[in-house]
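Chemist: Shown below is the structure under consideration.
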Amino acid sequence: MRVIRKITELRAFVQAQKASGCSIGLVPTMGYLHEGHLALARKAREDNETVIMTIFVNPLQFGPAEDFDSYPRDLARDRLQAEAAGVDLLFAPEVEEMYPKQPAAALKVLARTNCLCGKKRPGHFDGVATVLTKLFHLMQPDRAYFGMKDAQQAAVIEGMVESLNFPLEVVTVETVREADGLAKSSRNVHLTPEEREAAPQIYQALLKGQRMIEQGERHPAPIIQEIASHLQKYSRAAIDYVELLSYPELEPVKTIQGKIILAAAVKYSAARLIDNIVMNCE
């Protein structure tokens, strides 16, 4: 596995792969890899001749009071895990390499952002869209892989790719969880032992909502209330949001039908965690 930190070297690698007729699978990450990231890499390995993973903590998607400086980083560790998962090239640029000067243009996401994390983190998805547009241009991937743990991000990216006619397929992979149900996340390392013990209750709360739907409940309000009550009682965290929306449109629904998302975010002392369940309803 090669590790590249410069765009000029990356371009040369991509051009060589394209000249050889190799399909390229891209796995964009912010590093501190866990099983969720590795599942994306393994899926990309199955689908493509060449797998490129990026490790870049993108400052554009962090707000002024968010955890950019404290976001966990360990490139040596990530390198070993990426290689074991079958990655061919690890692109790990410095911030100055990706953003060498004040940009002359920027992207603004117009849909699927006025809810969930987009509502709580203004500008976040504009930063995601900007860095992904740069990576898509640089890598020219046939497929790009994203985890459903951040289902809003996946929906935003699918919308962006469709709207801007990027010649690639967005592939989503189901959330990878710990044995107790907690969604794998790089931010889990910031939980205290007591918080880590309670954090699986986020998923348990969402499962309660799912069961209510499966048992016939079709009004969002009681489901949202039940999820919020469970989180208040058991999660030992401050609730950021609990929402039930259509998916991938991410619009409010009066009556539950079709594909929907149950989503929640909570704040612990040093970590903000998100989770969701996407389901089809008759």
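Residue numbering restarts at 1 in every chain; chains get A, B, ... in the order shown in the structure tokens, and ligands count up from 1 in that same order.
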Can you tell me which residues surround segment 5-17 of chain A at a distance of at most 6 Å, considering only C-alpha atoms, apart from same-chain residues fewer than 4 positions away, and format the answer as a PyMOL selection string?

Modeler: chain A and resi 22+91-93

Chemist: Could you name the residues that touch Gly25 of chain A at 8 Å or less, counting only C-alpha atoms, but leaving out those on the same chain fewer than 5 positions away, as a count of residues only?

Modeler: 13

Chemist: Report as a ChimeraX atom specification all protein, DNA and RNA residues lying within 6 Å of segment 263-267 of chain A, evaluated on only C-alpha atoms, omitting residues in the same chain fewer than 3 positions from it.

Modeler: /A:237-243,272-276

Chemist: Dump N, CA and C atoms for the selected residues as a PDB file, in the first residue's frame?

Modeler:
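Wrote again_9.pdb, looks like this:
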```
ATOM      1  N   ALA A 237     -27.101  11.488  28.918  1.00  0.00           N
ATOM      2  CA  ALA A 237     -26.623  12.500  27.986  1.00  0.00           C
ATOM      3  C   ALA A 237     -27.693  13.551  27.776  1.00  0.00           C
ATOM      4  N   ALA A 238     -27.278  14.706  27.276  1.00  0.00           N
ATOM      5  CA  ALA A 238     -28.219  15.753  26.895  1.00  0.00           C
ATOM      6  C   ALA A 238     -28.695  15.485  25.476  1.00  0.00           C
ATOM      7  N   ILE A 239     -30.000  15.515  25.273  1.00  0.00           N
ATOM      8  CA  ILE A 239     -30.552  15.261  23.939  1.00  0.00           C
ATOM      9  C   ILE A 239     -30.322  16.475  23.055  1.00  0.00           C
ATOM     10  N   ASP A 240     -29.733  16.241  21.900  1.00  0.00           N
ATOM     11  CA  ASP A 240     -29.564  17.290  20.897  1.00  0.00           C
ATOM     12  C   ASP A 240     -30.801  17.340  20.001  1.00  0.00           C
ATOM     13  N   TYR A 241     -31.194  16.183  19.473  1.00  0.00           N
ATOM     14  CA  TYR A 241     -32.435  16.107  18.709  1.00  0.00           C
ATOM     15  C   TYR A 241     -32.934  14.676  18.651  1.00  0.00           C
ATOM     16  N   VAL A 242     -34.229  14.542  18.430  1.00  0.00           N
ATOM     17  CA  VAL A 242     -34.877  13.286  18.035  1.00  0.00           C
ATOM     18  C   VAL A 242     -35.830  13.649  16.911  1.00  0.00           C
ATOM     19  N   GLU A 243     -35.683  13.008  15.745  1.00  0.00           N
ATOM     20  CA  GLU A 243     -36.529  13.351  14.604  1.00  0.00           C
ATOM     21  C   GLU A 243     -36.966  12.093  13.856  1.00  0.00           C
ATOM     22  N   ARG A 272     -20.176  14.227  20.972  1.00  0.00           N
ATOM     23  CA  ARG A 272     -21.544  14.290  20.459  1.00  0.00           C
ATOM     24  C   ARG A 272     -21.729  13.063  19.574  1.00  0.00           C
ATOM     25  N   LEU A 273     -22.724  12.223  19.900  1.00  0.00           N
ATOM     26  CA  LEU A 273     -22.940  10.973  19.180  1.00  0.00           C
ATOM     27  C   LEU A 273     -24.258  11.010  18.432  1.00  0.00           C
ATOM     28  N   ILE A 274     -24.255  10.407  17.232  1.00  0.00           N
ATOM     29  CA  ILE A 274     -25.471  10.309  16.427  1.00  0.00           C
ATOM     30  C   ILE A 274     -25.756   8.845  16.119  1.00  0.00           C
ATOM     31  N   ASP A 275     -27.014   8.554  15.842  1.00  0.00           N
ATOM     32  CA  ASP A 275     -27.395   7.209  15.419  1.00  0.00           C
ATOM     33  C   ASP A 275     -28.739   7.307  14.716  1.00  0.00           C
ATOM     34  N   ASN A 276     -29.081   6.260  13.974  1.00  0.00           N
ATOM     35  CA  ASN A 276     -30.340   6.284  13.246  1.00  0.00           C
ATOM     36  C   ASN A 276     -30.757   4.874  12.858  1.00  0.00           C
TER      37      ASN A 276
END
```

Chemist: Rounded to one decimal in Å, what is the spacing between atom CA of Pro72 of chain A and atom CA of Leu38 of chain A?

Modeler: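 Pair atom CA of Pro72 of chain A / atom CA of Leu38 of chain A returns 16.8 Å.
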
Chemist: Kindly assemble as JSON lines a list of the segment 58-144 of chain A residues that lie within 12 Å of segment 155-177 of chain A, each paired with its nearest atom pair and their distance in Å to one decimal, using only C-alpha atoms, sorted first by chain and then by ascending residue number.

Modeler:
```
{"residue": "A:Leu107", "atom": "CA", "partner": "A:Met160", "partner_atom": "CA", "distance": 10.0}
{"residue": "A:Lys108", "atom": "CA", "partner": "A:Met160", "partner_atom": "CA", "distance": 10.0}
{"residue": "A:Val109", "atom": "CA", "partner": "A:Met160", "partner_atom": "CA", "distance": 7.7}
{"residue": "A:Leu110", "atom": "CA", "partner": "A:Val156", "partner_atom": "CA", "distance": 9.3}
{"residue": "A:Ala111", "atom": "CA", "partner": "A:Val156", "partner_atom": "CA", "distance": 7.4}
{"residue": "A:Arg112", "atom": "CA", "partner": "A:Val156", "partner_atom": "CA", "distance": 6.1}
{"residue": "A:Thr113", "atom": "CA", "partner": "A:Val156", "partner_atom": "CA", "distance": 7.5}
{"residue": "A:Asn114", "atom": "CA", "partner": "A:Val156", "partner_atom": "CA", "distance": 11.1}
{"residue": "A:Cys115", "atom": "CA", "partner": "A:Val156", "partner_atom": "CA", "distance": 11.6}
{"residue": "A:Leu116", "atom": "CA", "partner": "A:Ala155", "partner_atom": "CA", "distance": 11.9}
{"residue": "A:Cys117", "atom": "CA", "partner": "A:Val156", "partner_atom": "CA", "distance": 11.5}
{"residue": "A:Gly118", "atom": "CA", "partner": "A:Val156", "partner_atom": "CA", "distance": 10.0}
{"residue": "A:His124", "atom": "CA", "partner": "A:Val156", "partner_atom": "CA", "distance": 11.2}
{"residue": "A:Phe125", "atom": "CA", "partner": "A:Val156", "partner_atom": "CA", "distance": 7.7}
{"residue": "A:Asp126", "atom": "CA", "partner": "A:Val156", "partner_atom": "CA", "distance": 9.9}
{"residue": "A:Gly127", "atom": "CA", "partner": "A:Ile157", "partner_atom": "CA", "distance": 11.8}
{"residue": "A:Val128", "atom": "CA", "partner": "A:Ile157", "partner_atom": "CA", "distance": 8.6}
{"residue": "A:Ala129", "atom": "CA", "partner": "A:Ile157", "partner_atom": "CA", "distance": 7.2}
{"residue": "A:Thr130", "atom": "CA", "partner": "A:Met160", "partner_atom": "CA", "distance": 10.5}
{"residue": "A:Val131", "atom": "CA", "partner": "A:Ile157", "partner_atom": "CA", "distance": 11.4}
{"residue": "A:Leu132", "atom": "CA", "partner": "A:Ile157", "partner_atom": "CA", "distance": 8.6}
{"residue": "A:Thr133", "atom": "CA", "partner": "A:Phe166", "partner_atom": "CA", "distance": 9.0}
{"residue": "A:Lys134", "atom": "CA", "partner": "A:Phe166", "partner_atom": "CA", "distance": 11.7}
{"residue": "A:Leu135", "atom": "CA", "partner": "A:Phe166", "partner_atom": "CA", "distance": 11.6}
{"residue": "A:Phe136", "atom": "CA", "partner": "A:Phe166", "partner_atom": "CA", "distance": 8.0}
{"residue": "A:His137", "atom": "CA", "partner": "A:Phe166", "partner_atom": "CA", "distance": 9.1}
{"residue": "A:Met139", "atom": "CA", "partner": "A:Leu168", "partner_atom": "CA", "distance": 10.8}
{"residue": "A:Gln140", "atom": "CA", "partner": "A:Leu168", "partner_atom": "CA", "distance": 8.1}
{"residue": "A:Pro141", "atom": "CA", "partner": "A:Leu168", "partner_atom": "CA", "distance": 6.3}
{"residue": "A:Asp142", "atom": "CA", "partner": "A:Leu168", "partner_atom": "CA", "distance": 4.7}
{"residue": "A:Arg143", "atom": "CA", "partner": "A:Glu169", "partner_atom": "CA", "distance": 4.6}
{"residue": "A:Ala144", "atom": "CA", "partner": "A:Val170", "partner_atom": "CA", "distance": 5.1}
```

Chemist: Using C-alpha atoms, can you write the selected residues to a file as a short mmCIF file (atom, residue, chain, number, x, y, z; two decimals), in the first residue's frame?

Modeler:
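Saved the output as out-v6.cif:
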```cif
data_model
loop_
_atom_site.label_atom_id
_atom_site.label_comp_id
_atom_site.auth_asym_id
_atom_site.auth_seq_id
_atom_site.Cartn_x
_atom_site.Cartn_y
_atom_site.Cartn_z
CA LEU A 107 -20.35 24.99 -2.52
CA LYS A 108 -23.64 25.51 -0.73
CA VAL A 109 -25.99 22.60 -0.14
CA LEU A 110 -29.59 23.64 -0.76
CA ALA A 111 -31.60 20.58 0.28
CA ARG A 112 -31.71 17.94 3.03
CA THR A 113 -29.85 20.13 5.54
CA ASN A 114 -32.54 22.03 7.49
CA CYS A 115 -32.93 19.18 9.99
CA LEU A 116 -30.92 16.70 12.07
CA CYS A 117 -27.21 17.64 12.19
CA GLY A 118 -27.60 20.24 9.44
CA HIS A 124 -21.30 21.71 8.13
CA PHE A 125 -22.61 20.11 4.95
CA ASP A 126 -21.28 22.96 2.82
CA GLY A 127 -17.84 21.96 4.11
CA VAL A 128 -18.53 18.28 3.44
CA ALA A 129 -19.70 19.05 -0.10
CA THR A 130 -16.67 21.23 -0.80
CA VAL A 131 -14.07 18.69 0.27
CA LEU A 132 -15.85 15.82 -1.47
CA THR A 133 -16.08 17.79 -4.69
CA LYS A 134 -12.32 18.31 -4.54
CA LEU A 135 -11.73 14.62 -3.83
CA PHE A 136 -14.09 13.48 -6.59
CA HIS A 137 -12.22 15.66 -9.09
CA MET A 139 -9.64 10.72 -7.66
CA GLN A 140 -12.14 10.37 -10.54
CA PRO A 141 -13.70 7.39 -8.72
CA ASP A 142 -16.20 5.03 -10.27
CA ARG A 143 -17.75 4.50 -6.84
CA ALA A 144 -17.57 6.32 -3.50
#
```

Chemist: Give me the residues within 7 Å of Arg42 of chain A as a ChimeraX atom specification, counting only C-alpha atoms and dropping any in the same chain fewer than 4 places off.

Modeler: /A:38,46,85-86

Chemist: Which residue, A:Tyr268, A:Tyr99, A:Tyr32, A:Phe62, has the smallest gap to Asp74 of chain A when you use only C-alpha atoms?

Modeler: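 Under the stated criterion, the closest residue is A:Tyr32.
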
Chemist: In Å, with one decimal, what is the gap from atom CA of Phe146 of chain A to atom CA of Thr255 of chain A?

Modeler: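 Result for atom CA of Phe146 of chain A versus atom CA of Thr255 of chain A: 29.1 Å, one decimal.
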
Chemist: Out of A:Ile261, A:Val189, A:Met53, A:Ala104, which residue has the shortest atom-to-atom distance to Ala82 of chain A when counting only C-alpha atoms?

Modeler: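 Nearest to Ala82 of chain A: A:Met53.
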
Chemist: Nearest to Tyr247 of chain A among A:Glu178, A:His219, A:Gln152, A:Glu194, with distances taken over only C-alpha atoms: which residue is it?

Modeler: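 The answer is A:Gln152, which sits nearest to Tyr247 of chain A.
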
Chemist: Using Å and a single decimal, report how far atom CA of Gln215 of chain A sits from atom CA of Leu231 of chain A.

Modeler: 20.8 Å

Chemist: Which polymer residues have any atom within 12 Å of an atom of Glu214 of chain A, counting only C-alpha atoms, with same-chain residues fewer than 3 positions away left out, as a compact mmCIF listing (two decimals) with N, CA and C atoms, in the first residue's frame?

Modeler:
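Written file, part_15.txt:
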```txt
# COMPACT_ATOMS: atom_id res chain seq x y z
N LEU A 207 -34.63 1.65 18.65
CA LEU A 207 -35.30 0.36 18.45
C LEU A 207 -36.72 0.38 19.03
N LYS A 208 -36.91 1.09 20.13
CA LYS A 208 -38.26 1.24 20.69
C LYS A 208 -39.18 1.90 19.67
N GLY A 209 -38.66 2.97 19.05
CA GLY A 209 -39.45 3.65 18.02
C GLY A 209 -39.75 2.75 16.85
N GLN A 210 -38.76 1.97 16.44
CA GLN A 210 -38.97 1.03 15.33
C GLN A 210 -40.06 0.02 15.68
N ARG A 211 -40.03 -0.50 16.89
CA ARG A 211 -41.04 -1.48 17.29
C ARG A 211 -42.44 -0.87 17.29
N GLU A 217 -48.12 1.84 14.84
CA GLU A 217 -48.20 3.28 15.08
C GLU A 217 -47.80 4.05 13.82
N ARG A 218 -48.61 5.01 13.41
CA ARG A 218 -48.33 5.76 12.19
C ARG A 218 -48.28 7.27 12.41
N ILE A 223 -44.06 8.46 18.82
CA ILE A 223 -42.80 7.73 18.62
C ILE A 223 -41.62 8.60 19.05
N ILE A 256 -46.85 8.19 8.86
CA ILE A 256 -45.68 7.40 8.51
C ILE A 256 -46.02 6.41 7.41
N GLN A 257 -45.31 6.55 6.29
CA GLN A 257 -45.45 5.61 5.18
C GLN A 257 -44.21 5.72 4.29
N MET A 279 -35.91 2.67 7.72
CA MET A 279 -36.78 1.53 7.52
C MET A 279 -37.87 1.84 6.50
N ASN A 280 -38.37 0.79 5.88
CA ASN A 280 -39.49 0.90 4.94
C ASN A 280 -40.78 0.56 5.67
N CYS A 281 -41.79 1.39 5.52
CA CYS A 281 -43.06 1.20 6.20
C CYS A 281 -44.17 0.99 5.18
N GLU A 282 -44.97 0.01 5.40
CA GLU A 282 -46.10 -0.27 4.49
C GLU A 282 -47.16 0.81 4.63
```

Chemist: Mind listing the strand (DSSP E) residues of segment 98-214 of chain A, per DSSP on the backbone, as an mmCIF file with C-alpha atoms, in the first residue's frame?

Modeler:
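Result written to part.cif:
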```
data_model
loop_
_atom_site.group_PDB
_atom_site.id
_atom_site.type_symbol
_atom_site.label_atom_id
_atom_site.label_comp_id
_atom_site.auth_asym_id
_atom_site.auth_seq_id
_atom_site.Cartn_x
_atom_site.Cartn_y
_atom_site.Cartn_z
ATOM 1 C CA ARG A 143 -17.749 4.504 -6.839
ATOM 2 C CA ALA A 144 -17.567 6.323 -3.497
ATOM 3 C CA TYR A 145 -18.420 4.600 -0.202
ATOM 4 C CA PHE A 146 -20.191 6.041 2.831
ATOM 5 C CA GLY A 147 -21.559 4.570 6.050
ATOM 6 C CA GLU A 169 -22.015 5.736 -7.963
ATOM 7 C CA VAL A 170 -22.619 6.452 -4.288
ATOM 8 C CA VAL A 171 -22.510 3.170 -2.356
ATOM 9 C CA THR A 172 -23.829 3.084 1.215
ATOM 10 C CA VAL A 173 -22.942 0.453 3.812
#
```

Chemist: What residues in segment 59-213 of chain A get the DSSP label alpha helix (DSSP H)? Please answer as a PyMOL selection string.

Modeler: chain A and resi 75-84+95-98+116-120+124-139+151-163+193-198+201-213

Chemist: Point out the residue among A:Val57, A:Leu138, A:Ala199, A:Ala105 with the least atom-to-atom distance to Arg236 of chain A, counting only C-alpha atoms.

Modeler: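 The closest residue to Arg236 of chain A is A:Ala199.
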
Chemist: Give the answer as one residue: which of A:Met148, A:Gln153, A:Gly31, A:Pro222 has the shortest atom-to-atom distance to Leu80 of chain A, using only C-alpha atoms?

Modeler: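 Smallest distance to Leu80 of chain A is found for A:Gly31.
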